[in-house]
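One structure below.
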Amino acid sequence: MALELTERDLADVEFCVGTNLRMVTRVVTQFFDEALRGTGLRVSQLPILAALAQVEQIGLTTLADQLLLDYTTLVRNLKPLERDGLVKTSRGEDRRRRMIELTPAGEEKLNEAYPLWQEAQSTILVRFGRGRWRMFLRKLDEIAEIVE
């Protein structure tokens, strides 16, 4: 059975909230990744290191919840960090629980990356406007509430 979409239907697809948000996040991610390129980090890894810098040790599930990440996404993002010695995982008291902590090398890497991230962040906020950004964040929160 052939689907018969009108030009209006196709225009509606181009207006898709999910598609447009994904396109924008890809461009913004590329911008931040380029800013961090010299550090070897990706922007997706920076909040992990920053969260770990605030605690001595944390469970992977708890960290995933804090960062609003799917557990498997967190584990995938941790692999290169662990390989490079920036984080260390271990078993918790309950052997089923995996714990993670920032290593001294990870702390150094975070300190190296933070000013580069801060410069990229500032570039966007200056061009877009801090007030507009705060309003945009509120609108994004509204969208998240609608789909939850």
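In the structure tokens, chains take the letters A, B, ... in the order shown, each chain's residues start at 1, and ligands count up from 1 in the order shown.
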Query raised in the report: Any idea what's packed within 9 Å of Leu63 in chain A, counting only C-alpha atoms, ignoring anything in its chain fewer than 5 positions away? Could you give it as number ranges by chain?
Result: A: 48, 51-52, 58, 68-69, 71, 74, 100
Report task. Once DSSP has gone over the backbone, tell me which residues of chain A are in strand (DSSP E), as a VMD selection string. Result -> chain A and resid 58 to 59 87 to 91 98 to 102
Report task. Can you pull out every residue within 7 Å of range 110-114 of chain A, counting only C-alpha atoms, but drop anything in the same chain fewer than 4 positions away, and send it as a PyMOL selection string? Result -> chain A and resi 36+39+49+106+118
Query raised in the report: Which one is closest to Leu102 in chain A: A:Ala144, A:Leu67, A:Leu46, A:Val28? Count only C-alpha atoms.
Result: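 Of all the options, A:Leu46 lies closest to Leu102 in chain A.
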Every residue of range 83-122 of chain A that DSSP places in helix (DSSP H, G or I), as a PDB file with N, CA and C atoms, in the first residue's frame:
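Heads up, here's the output in selection_29.pdb:
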```pdb
ATOM      1  N   ARG A  83      39.991   4.159  29.901  1.00  0.00           N
ATOM      2  CA  ARG A  83      41.157   3.722  29.116  1.00  0.00           C
ATOM      3  C   ARG A  83      42.313   4.715  29.254  1.00  0.00           C
ATOM      4  N   PRO A 104      43.621  11.575  39.639  1.00  0.00           N
ATOM      5  CA  PRO A 104      44.383  12.831  39.540  1.00  0.00           C
ATOM      6  C   PRO A 104      44.577  13.278  38.084  1.00  0.00           C
ATOM      7  N   ALA A 105      44.801  12.320  37.188  1.00  0.00           N
ATOM      8  CA  ALA A 105      44.935  12.666  35.760  1.00  0.00           C
ATOM      9  C   ALA A 105      43.631  13.237  35.222  1.00  0.00           C
ATOM     10  N   GLY A 106      42.508  12.701  35.700  1.00  0.00           N
ATOM     11  CA  GLY A 106      41.206  13.212  35.286  1.00  0.00           C
ATOM     12  C   GLY A 106      40.979  14.621  35.779  1.00  0.00           C
ATOM     13  N   GLU A 107      41.426  14.891  36.988  1.00  0.00           N
ATOM     14  CA  GLU A 107      41.304  16.243  37.539  1.00  0.00           C
ATOM     15  C   GLU A 107      42.147  17.224  36.717  1.00  0.00           C
ATOM     16  N   GLU A 108      43.353  16.820  36.352  1.00  0.00           N
ATOM     17  CA  GLU A 108      44.216  17.660  35.509  1.00  0.00           C
ATOM     18  C   GLU A 108      43.555  17.923  34.157  1.00  0.00           C
ATOM     19  N   LYS A 109      42.976  16.879  33.568  1.00  0.00           N
ATOM     20  CA  LYS A 109      42.336  17.017  32.258  1.00  0.00           C
ATOM     21  C   LYS A 109      41.138  17.958  32.348  1.00  0.00           C
ATOM     22  N   LEU A 110      40.369  17.848  33.415  1.00  0.00           N
ATOM     23  CA  LEU A 110      39.226  18.744  33.619  1.00  0.00           C
ATOM     24  C   LEU A 110      39.707  20.187  33.741  1.00  0.00           C
ATOM     25  N   ASN A 111      40.786  20.404  34.491  1.00  0.00           N
ATOM     26  CA  ASN A 111      41.338  21.750  34.635  1.00  0.00           C
ATOM     27  C   ASN A 111      41.879  22.296  33.318  1.00  0.00           C
ATOM     28  N   GLU A 112      42.375  21.423  32.467  1.00  0.00           N
ATOM     29  CA  GLU A 112      42.854  21.817  31.141  1.00  0.00           C
ATOM     30  C   GLU A 112      41.678  22.175  30.227  1.00  0.00           C
ATOM     31  N   ALA A 113      40.627  21.388  30.292  1.00  0.00           N
ATOM     32  CA  ALA A 113      39.495  21.552  29.371  1.00  0.00           C
ATOM     33  C   ALA A 113      38.553  22.685  29.765  1.00  0.00           C
ATOM     34  N   TYR A 114      38.418  22.921  31.059  1.00  0.00           N
ATOM     35  CA  TYR A 114      37.418  23.881  31.522  1.00  0.00           C
ATOM     36  C   TYR A 114      37.549  25.271  30.900  1.00  0.00           C
ATOM     37  N   PRO A 115      38.741  25.862  30.851  1.00  0.00           N
ATOM     38  CA  PRO A 115      38.828  27.196  30.229  1.00  0.00           C
ATOM     39  C   PRO A 115      38.437  27.197  28.748  1.00  0.00           C
ATOM     40  N   LEU A 116      38.745  26.118  28.049  1.00  0.00           N
ATOM     41  CA  LEU A 116      38.368  26.018  26.630  1.00  0.00           C
ATOM     42  C   LEU A 116      36.855  25.911  26.485  1.00  0.00           C
ATOM     43  N   TRP A 117      36.251  25.089  27.361  1.00  0.00           N
ATOM     44  CA  TRP A 117      34.791  24.988  27.367  1.00  0.00           C
ATOM     45  C   TRP A 117      34.180  26.343  27.712  1.00  0.00           C
ATOM     46  N   GLN A 118      34.730  27.008  28.723  1.00  0.00           N
ATOM     47  CA  GLN A 118      34.208  28.290  29.183  1.00  0.00           C
ATOM     48  C   GLN A 118      34.248  29.328  28.057  1.00  0.00           C
ATOM     49  N   GLU A 119      35.316  29.325  27.279  1.00  0.00           N
ATOM     50  CA  GLU A 119      35.424  30.256  26.150  1.00  0.00           C
ATOM     51  C   GLU A 119      34.362  29.960  25.093  1.00  0.00           C
ATOM     52  N   ALA A 120      34.165  28.681  24.783  1.00  0.00           N
ATOM     53  CA  ALA A 120      33.137  28.306  23.797  1.00  0.00           C
ATOM     54  C   ALA A 120      31.750  28.667  24.316  1.00  0.00           C
ATOM     55  N   GLN A 121      31.498  28.378  25.571  1.00  0.00           N
ATOM     56  CA  GLN A 121      30.214  28.700  26.195  1.00  0.00           C
ATOM     57  C   GLN A 121      29.965  30.206  26.133  1.00  0.00           C
ATOM     58  N   SER A 122      30.968  30.981  26.482  1.00  0.00           N
ATOM     59  CA  SER A 122      30.848  32.435  26.481  1.00  0.00           C
ATOM     60  C   SER A 122      30.569  32.967  25.078  1.00  0.00           C
TER      61      SER A 122
END
```
**Report entry** Surrounding residues of Thr89 in chain A excluding itself and chain neighbours under 2 positions, 8 Å, only C-alpha atoms, as a VMD selection string
**Finding:** chain A and resid 82 87 91 98 to 101
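Compared by their closest atoms to Pro47 in chain A, and using only C-alpha atoms, the residues A:Ala64, A:Pro80, A:Gly59, A:Thr103 rank with A:Ala64 nearest.
Straight-line separation from CA of Val17 in chain A to CA of Trp133 in chain A: 18.2 Å.
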